[in-house]
Amino acid sequence: MTAFAALHHGDAPLLLPNAWDHASAAALASRGFPAVGTTSLGVAAAAGLPDGAAATRDETLRLALTLGTAPFLLSVDAEGGFSDDPDEVGEFARELAAAGAVGINLEDGLGPADLHAAKIAAVKSAAPDLFVNARTDTYWLSEGQDTLRRLDAYQQAGADGVFVPGLSDPTAIGALVDRLDVPLNILYSPTGPTVRHLGDLGVRRVSLGSLLYRRALGAMLETVTEIAEDRSPQGSVPSYDEIVALGRRGTPS
């Protein structure tokens with residue numbers, strides 16, 4: 001079992017914060033998080049490209065090359081693998097692993113489950129040690145139908161964990177945990193169960209997705225509005241020297 005996989009089998013769920021560039025990843029690592037994920041929305045929006053449209057393959061790989069040798073474990077959000085060709089998805093996974101990534105998140109977008117299963121199998125063949133977190137969008141884009149059938153297909157294809165964003169009902173989460181053979185990842189929601197509660201339900205990984213990126217943009221707009229209205233902006237702000245230090249040492253040790 002890899003070090004990253006082991007984080008999914010501890011006493012508490014792995015809380016995986018999601019970064020969108022070098023500075024955000026370094027700042028998160030400086031707070032002691034052993035693993036950091038990327039957010040496809042943040043990476044795409046920062047580059048002026050659409051999310052979920054297979055438009056950010058190069059940007060995603062470039063970020064992995066920047067962060068893959070940092071002193072934390074990196075999991076990469078790769079949308080649907082940026083291709084409908086399983087072999088191409090496998091090759092991209094091999095490039096991520098070579099860059100130093102230890103995990104990949106692959107979403108099905110409610111496309112054919114057999115195609116997504118083939119992508120998972122191709123990734124495990126091309127990069128056996130890469131932790132595949134197989135996401136289904138049954139709750140994200142629909143009403144939750146077919147969730148278990150899809151997840152079972154992904155488990156059988158070799159997924160190391162499964163991800164069901166949009167699922168927040170504690171009873172449904174607990175029932176799903178009981179039917180799975182691999183760790184369940186849930187997307188944190190400010191209106192849903194706490195991380196501790198999710199852990200009690202059997203969830204082994206809690207992702208933050210694009211939440212940090214969206215809150216960062218929200219804080220920016222709040223700050224400029226306060227300044228424009230002659231009020232002193234509130235909240236903590238890293239100093240110029242602290243940000244420079246993050247870049248100077250690459251990432252915190």
# chains A, B, ... in the order shown; residues from 1 in each chain; ligands from 1
$ select_by_dssp --residues "segment 143-200 of chain A" --states "strand (DSSP E)" --output "PyMOL selection string"
chain A and resi 161-163+184-187
$ residues_around --residues "Ser236 of chain A" --least-positions-apart "3" --cutoff "12 Å" --atoms "only C-alpha atoms" --output "VMD selection string"
chain A and resid 216 219 223 233 239
$ closest_atom_pairs --of "segment 222-243 of chain A" --to "segment 21-24 of chain A" --cutoff "12 Å" --atoms "only C-alpha atoms" --output "CSV"
residue,atom,partner,partner_atom,distance
A:Pro238,CA,A:Ala23,CA,11.4
A:Glu242,CA,A:Ala23,CA,10.6
A:Ile243,CA,A:Ala23,CA,7.5
$ atom_distance --atom1 "atom CA of Asp51 of chain A" --atom2 "atom CA of Thr39 of chain A"
9.7 Å
$ residues_around --residues "Ala47 of chain A" --least-positions-apart "6" --cutoff "12 Å" --atoms "only C-alpha atoms" --output "list of chain:residue names"
A:Trp20, A:Asp21, A:Ser40, A:Leu41, A:Ala55, A:Thr56, A:Arg57, A:Asp58, A:Glu59, A:Thr60, A:Arg62, A:Leu63
$ write_last_selection --atoms "all heavy atoms" --output "mmCIF file, in the first residue's frame"
data_model
loop_
_atom_site.group_PDB
_atom_site.id
_atom_site.type_symbol
_atom_site.label_atom_id
_atom_site.label_comp_id
_atom_site.auth_asym_id
_atom_site.auth_seq_id
_atom_site.Cartn_x
_atom_site.Cartn_y
_atom_site.Cartn_z
ATOM 1 N N TRP A 20 -5.032 25.395 -6.750
ATOM 2 C CA TRP A 20 -5.172 25.725 -8.170
ATOM 3 C C TRP A 20 -3.881 26.270 -8.777
ATOM 4 O O TRP A 20 -3.800 26.468 -9.975
ATOM 5 C CB TRP A 20 -6.296 26.744 -8.375
ATOM 6 C CG TRP A 20 -6.139 27.989 -7.554
ATOM 7 C CD1 TRP A 20 -5.542 29.163 -7.944
ATOM 8 C CD2 TRP A 20 -6.575 28.186 -6.213
ATOM 9 N NE1 TRP A 20 -5.579 30.074 -6.916
ATOM 10 C CE2 TRP A 20 -6.223 29.501 -5.839
ATOM 11 C CE3 TRP A 20 -7.252 27.385 -5.282
ATOM 12 C CZ2 TRP A 20 -6.504 30.027 -4.575
ATOM 13 C CZ3 TRP A 20 -7.529 27.914 -4.037
ATOM 14 C CH2 TRP A 20 -7.159 29.208 -3.688
ATOM 15 N N ASP A 21 -2.863 26.491 -7.951
ATOM 16 C CA ASP A 21 -1.573 26.947 -8.458
ATOM 17 C C ASP A 21 -0.508 26.635 -7.421
ATOM 18 O O ASP A 21 -0.800 26.041 -6.365
ATOM 19 C CB ASP A 21 -1.585 28.442 -8.813
ATOM 20 C CG ASP A 21 -1.892 29.346 -7.616
ATOM 21 O OD1 ASP A 21 -1.917 28.865 -6.452
ATOM 22 O OD2 ASP A 21 -2.096 30.554 -7.839
ATOM 23 N N SER A 40 -10.073 21.146 -10.760
ATOM 24 C CA SER A 40 -10.126 21.402 -12.204
ATOM 25 C C SER A 40 -10.766 22.757 -12.492
ATOM 26 O O SER A 40 -10.359 23.442 -13.440
ATOM 27 C CB SER A 40 -10.870 20.279 -12.928
ATOM 28 O OG SER A 40 -12.238 20.245 -12.574
ATOM 29 N N LEU A 41 -11.769 23.148 -11.698
ATOM 30 C CA LEU A 41 -12.397 24.454 -11.908
ATOM 31 C C LEU A 41 -11.390 25.573 -11.694
ATOM 32 O O LEU A 41 -11.298 26.504 -12.506
ATOM 33 C CB LEU A 41 -13.596 24.640 -10.985
ATOM 34 C CG LEU A 41 -14.246 26.035 -11.061
ATOM 35 C CD1 LEU A 41 -14.793 26.311 -12.449
ATOM 36 C CD2 LEU A 41 -15.333 26.183 -10.011
ATOM 37 N N ALA A 55 -10.315 20.845 -21.811
ATOM 38 C CA ALA A 55 -9.544 21.941 -22.413
ATOM 39 C C ALA A 55 -8.248 22.239 -21.671
ATOM 40 O O ALA A 55 -7.464 23.071 -22.138
ATOM 41 C CB ALA A 55 -10.405 23.204 -22.464
ATOM 42 N N THR A 56 -8.020 21.582 -20.538
ATOM 43 C CA THR A 56 -6.895 21.986 -19.688
ATOM 44 C C THR A 56 -5.879 20.867 -19.465
ATOM 45 O O THR A 56 -5.224 20.820 -18.429
ATOM 46 C CB THR A 56 -7.409 22.485 -18.318
ATOM 47 O OG1 THR A 56 -8.192 21.446 -17.711
ATOM 48 C CG2 THR A 56 -8.249 23.734 -18.475
ATOM 49 N N ARG A 57 -5.742 19.987 -20.433
ATOM 50 C CA ARG A 57 -4.764 18.913 -20.271
ATOM 51 C C ARG A 57 -3.371 19.480 -20.033
ATOM 52 O O ARG A 57 -2.668 19.056 -19.102
ATOM 53 C CB ARG A 57 -4.749 18.017 -21.519
ATOM 54 C CG ARG A 57 -3.827 16.804 -21.395
ATOM 55 C CD ARG A 57 -3.671 16.080 -22.733
ATOM 56 N NE ARG A 57 -3.009 14.800 -22.602
ATOM 57 C CZ ARG A 57 -1.692 14.623 -22.459
ATOM 58 N NH1 ARG A 57 -0.880 15.674 -22.424
ATOM 59 N NH2 ARG A 57 -1.191 13.393 -22.344
ATOM 60 N N ASP A 58 -2.935 20.430 -20.863
ATOM 61 C CA ASP A 58 -1.585 20.963 -20.746
ATOM 62 C C ASP A 58 -1.399 21.709 -19.435
ATOM 63 O O ASP A 58 -0.359 21.570 -18.772
ATOM 64 C CB ASP A 58 -1.276 21.903 -21.914
ATOM 65 C CG ASP A 58 -1.168 21.161 -23.244
ATOM 66 O OD1 ASP A 58 -1.056 19.922 -23.227
ATOM 67 O OD2 ASP A 58 -1.200 21.830 -24.292
ATOM 68 N N GLU A 59 -2.408 22.513 -19.050
ATOM 69 C CA GLU A 59 -2.310 23.276 -17.808
ATOM 70 C C GLU A 59 -2.256 22.346 -16.596
ATOM 71 O O GLU A 59 -1.521 22.590 -15.638
ATOM 72 C CB GLU A 59 -3.502 24.241 -17.685
ATOM 73 C CG GLU A 59 -3.460 25.426 -18.611
ATOM 74 C CD GLU A 59 -3.801 25.079 -20.052
ATOM 75 O OE1 GLU A 59 -4.323 23.952 -20.288
ATOM 76 O OE2 GLU A 59 -3.574 25.931 -20.939
ATOM 77 N N THR A 60 -3.032 21.262 -16.654
ATOM 78 C CA THR A 60 -3.048 20.308 -15.546
ATOM 79 C C THR A 60 -1.704 19.597 -15.424
ATOM 80 O O THR A 60 -1.168 19.437 -14.310
ATOM 81 C CB THR A 60 -4.173 19.286 -15.760
ATOM 82 O OG1 THR A 60 -5.434 19.976 -15.803
ATOM 83 C CG2 THR A 60 -4.199 18.260 -14.636
ATOM 84 N N ARG A 62 1.180 20.721 -16.540
ATOM 85 C CA ARG A 62 2.183 21.715 -16.141
ATOM 86 C C ARG A 62 2.155 21.937 -14.630
ATOM 87 O O ARG A 62 3.207 22.039 -13.998
ATOM 88 C CB ARG A 62 1.915 23.032 -16.886
ATOM 89 C CG ARG A 62 3.018 24.072 -16.733
ATOM 90 C CD ARG A 62 2.721 25.304 -17.565
ATOM 91 N NE ARG A 62 2.563 24.969 -18.975
ATOM 92 C CZ ARG A 62 1.443 25.137 -19.674
ATOM 93 N NH1 ARG A 62 0.364 25.638 -19.079
ATOM 94 N NH2 ARG A 62 1.384 24.805 -20.944
ATOM 95 N N LEU A 63 0.959 22.005 -14.053
ATOM 96 C CA LEU A 63 0.867 22.184 -12.602
ATOM 97 C C LEU A 63 1.411 20.957 -11.879
ATOM 98 O O LEU A 63 2.101 21.079 -10.857
ATOM 99 C CB LEU A 63 -0.582 22.443 -12.205
ATOM 100 C CG LEU A 63 -0.835 22.733 -10.722
ATOM 101 C CD1 LEU A 63 -0.024 23.932 -10.248
ATOM 102 C CD2 LEU A 63 -2.328 22.961 -10.468
#
$ closest_atom_pairs --of "segment 93-128 of chain A" --to "segment 72-77 of chain A" --cutoff "7 Å" --atoms "only C-alpha atoms" --output "tab-separated table"
residue	atom	partner	partner_atom	distance
A:Ala101	CA	A:Leu74	CA	5.0
A:Val102	CA	A:Leu74	CA	5.7
A:Gly103	CA	A:Ser75	CA	4.1
A:Ile104	CA	A:Val76	CA	4.8
A:Asn105	CA	A:Asp77	CA	4.7
A:Leu106	CA	A:Asp77	CA	6.8
$ closest_residue --among "A:Gly109, A:Gly161, A:Gly202, A:Gly235" --to "Gly52 of chain A" --atoms "only C-alpha atoms"
A:Gly109
$ residues_around --residues "Gly111 of chain A" --least-positions-apart "3" --cutoff "10 Å" --atoms "only C-alpha atoms" --output "PyMOL selection string"
chain A and resi 80+84+107-108+114-116+136-137
$ residues_around --residues "segment 98-100 of chain A" --least-positions-apart "4" --cutoff "6 Å" --atoms "only C-alpha atoms" --output "list of chain:residue names"
A:Leu65, A:Gly68, A:Thr69
$ write_last_selection --atoms "C-alpha atoms" --output "PDB file, in the first residue's frame"
ATOM      1  CA  LEU A  65       5.204  19.043 -13.022  1.00  0.00           C
ATOM      2  CA  GLY A  68       4.946  16.707  -8.131  1.00  0.00           C
ATOM      3  CA  THR A  69       8.358  16.985  -6.497  1.00  0.00           C
TER       4      THR A  69
END
$ atom_distance --atom1 "atom CA of Ile120 of chain A" --atom2 "atom CA of Phe82 of chain A"
13.1 Å
$ residues_around --residues "Leu28 of chain A" --least-positions-apart "3" --cutoff "10 Å" --atoms "only C-alpha atoms" --output "JSON list (two decimals) with C-alpha atoms, in the first residue's frame"
[["chain", "number", "residue", "atom", "x", "y", "z"],
["A", 16, "LEU", "CA", -7.96, 16.77, 1.05],
["A", 17, "PRO", "CA", -7.79, 20.51, 0.32],
["A", 18, "ASN", "CA", -7.65, 21.47, -3.34],
["A", 19, "ALA", "CA", -5.20, 23.98, -4.82],
["A", 23, "ALA", "CA", 1.19, 29.37, -4.16],
["A", 24, "SER", "CA", -2.11, 27.89, -2.99],
["A", 25, "ALA", "CA", -0.61, 24.39, -2.78],
["A", 31, "ARG", "CA", -0.51, 24.25, 7.39],
["A", 32, "GLY", "CA", 0.52, 20.63, 7.72],
["A", 33, "PHE", "CA", -1.72, 18.89, 5.21],
["A", 34, "PRO", "CA", 0.13, 15.73, 4.11],
["A", 35, "ALA", "CA", -1.68, 15.63, 0.77],
["A", 36, "VAL", "CA", -3.05, 18.28, -1.54],
["A", 72, "PHE", "CA", 3.58, 16.64, 0.07],
["A", 251, "THR", "CA", 7.05, 24.52, -0.89],
["A", 252, "PRO", "CA", 7.16, 24.19, 2.88]]
$ closest_residue --among "A:Ala113, A:Ile186, A:Ala97, A:Leu14" --to "Ala153 of chain A" --atoms "only C-alpha atoms"
A:Ala113
$ residues_around --residues "Val195 of chain A" --least-positions-apart "4" --cutoff "12 Å" --atoms "only C-alpha atoms" --output "PyMOL selection string"
chain A and resi 12-16+168+170+185-191+199-208
$ atom_distance --atom1 "atom CA of Pro193 of chain A" --atom2 "atom CA of Ile173 of chain A"
10.3 Å
$ select_by_dssp --residues "segment 34-237 of chain A" --states "alpha helix (DSSP H)" --output "number ranges by chain"
A: 40-46, 57-67, 86-99, 113-126, 147-157, 170-179, 195-200, 211-228
$ closest_residue --among "A:Leu49, A:Ala93, A:Leu198, A:Val224" --to "Phe131 of chain A" --atoms "only C-alpha atoms"
A:Ala93
$ closest_residue --among "A:Pro50, A:Gly144, A:Pro128, A:Pro112" --to "Arg94 of chain A" --atoms "only C-alpha atoms"
A:Pro128
$ closest_residue --among "A:Thr194, A:Leu176, A:Pro183, A:Val244" --to "Val132 of chain A" --atoms "only C-alpha atoms"
A:Pro183
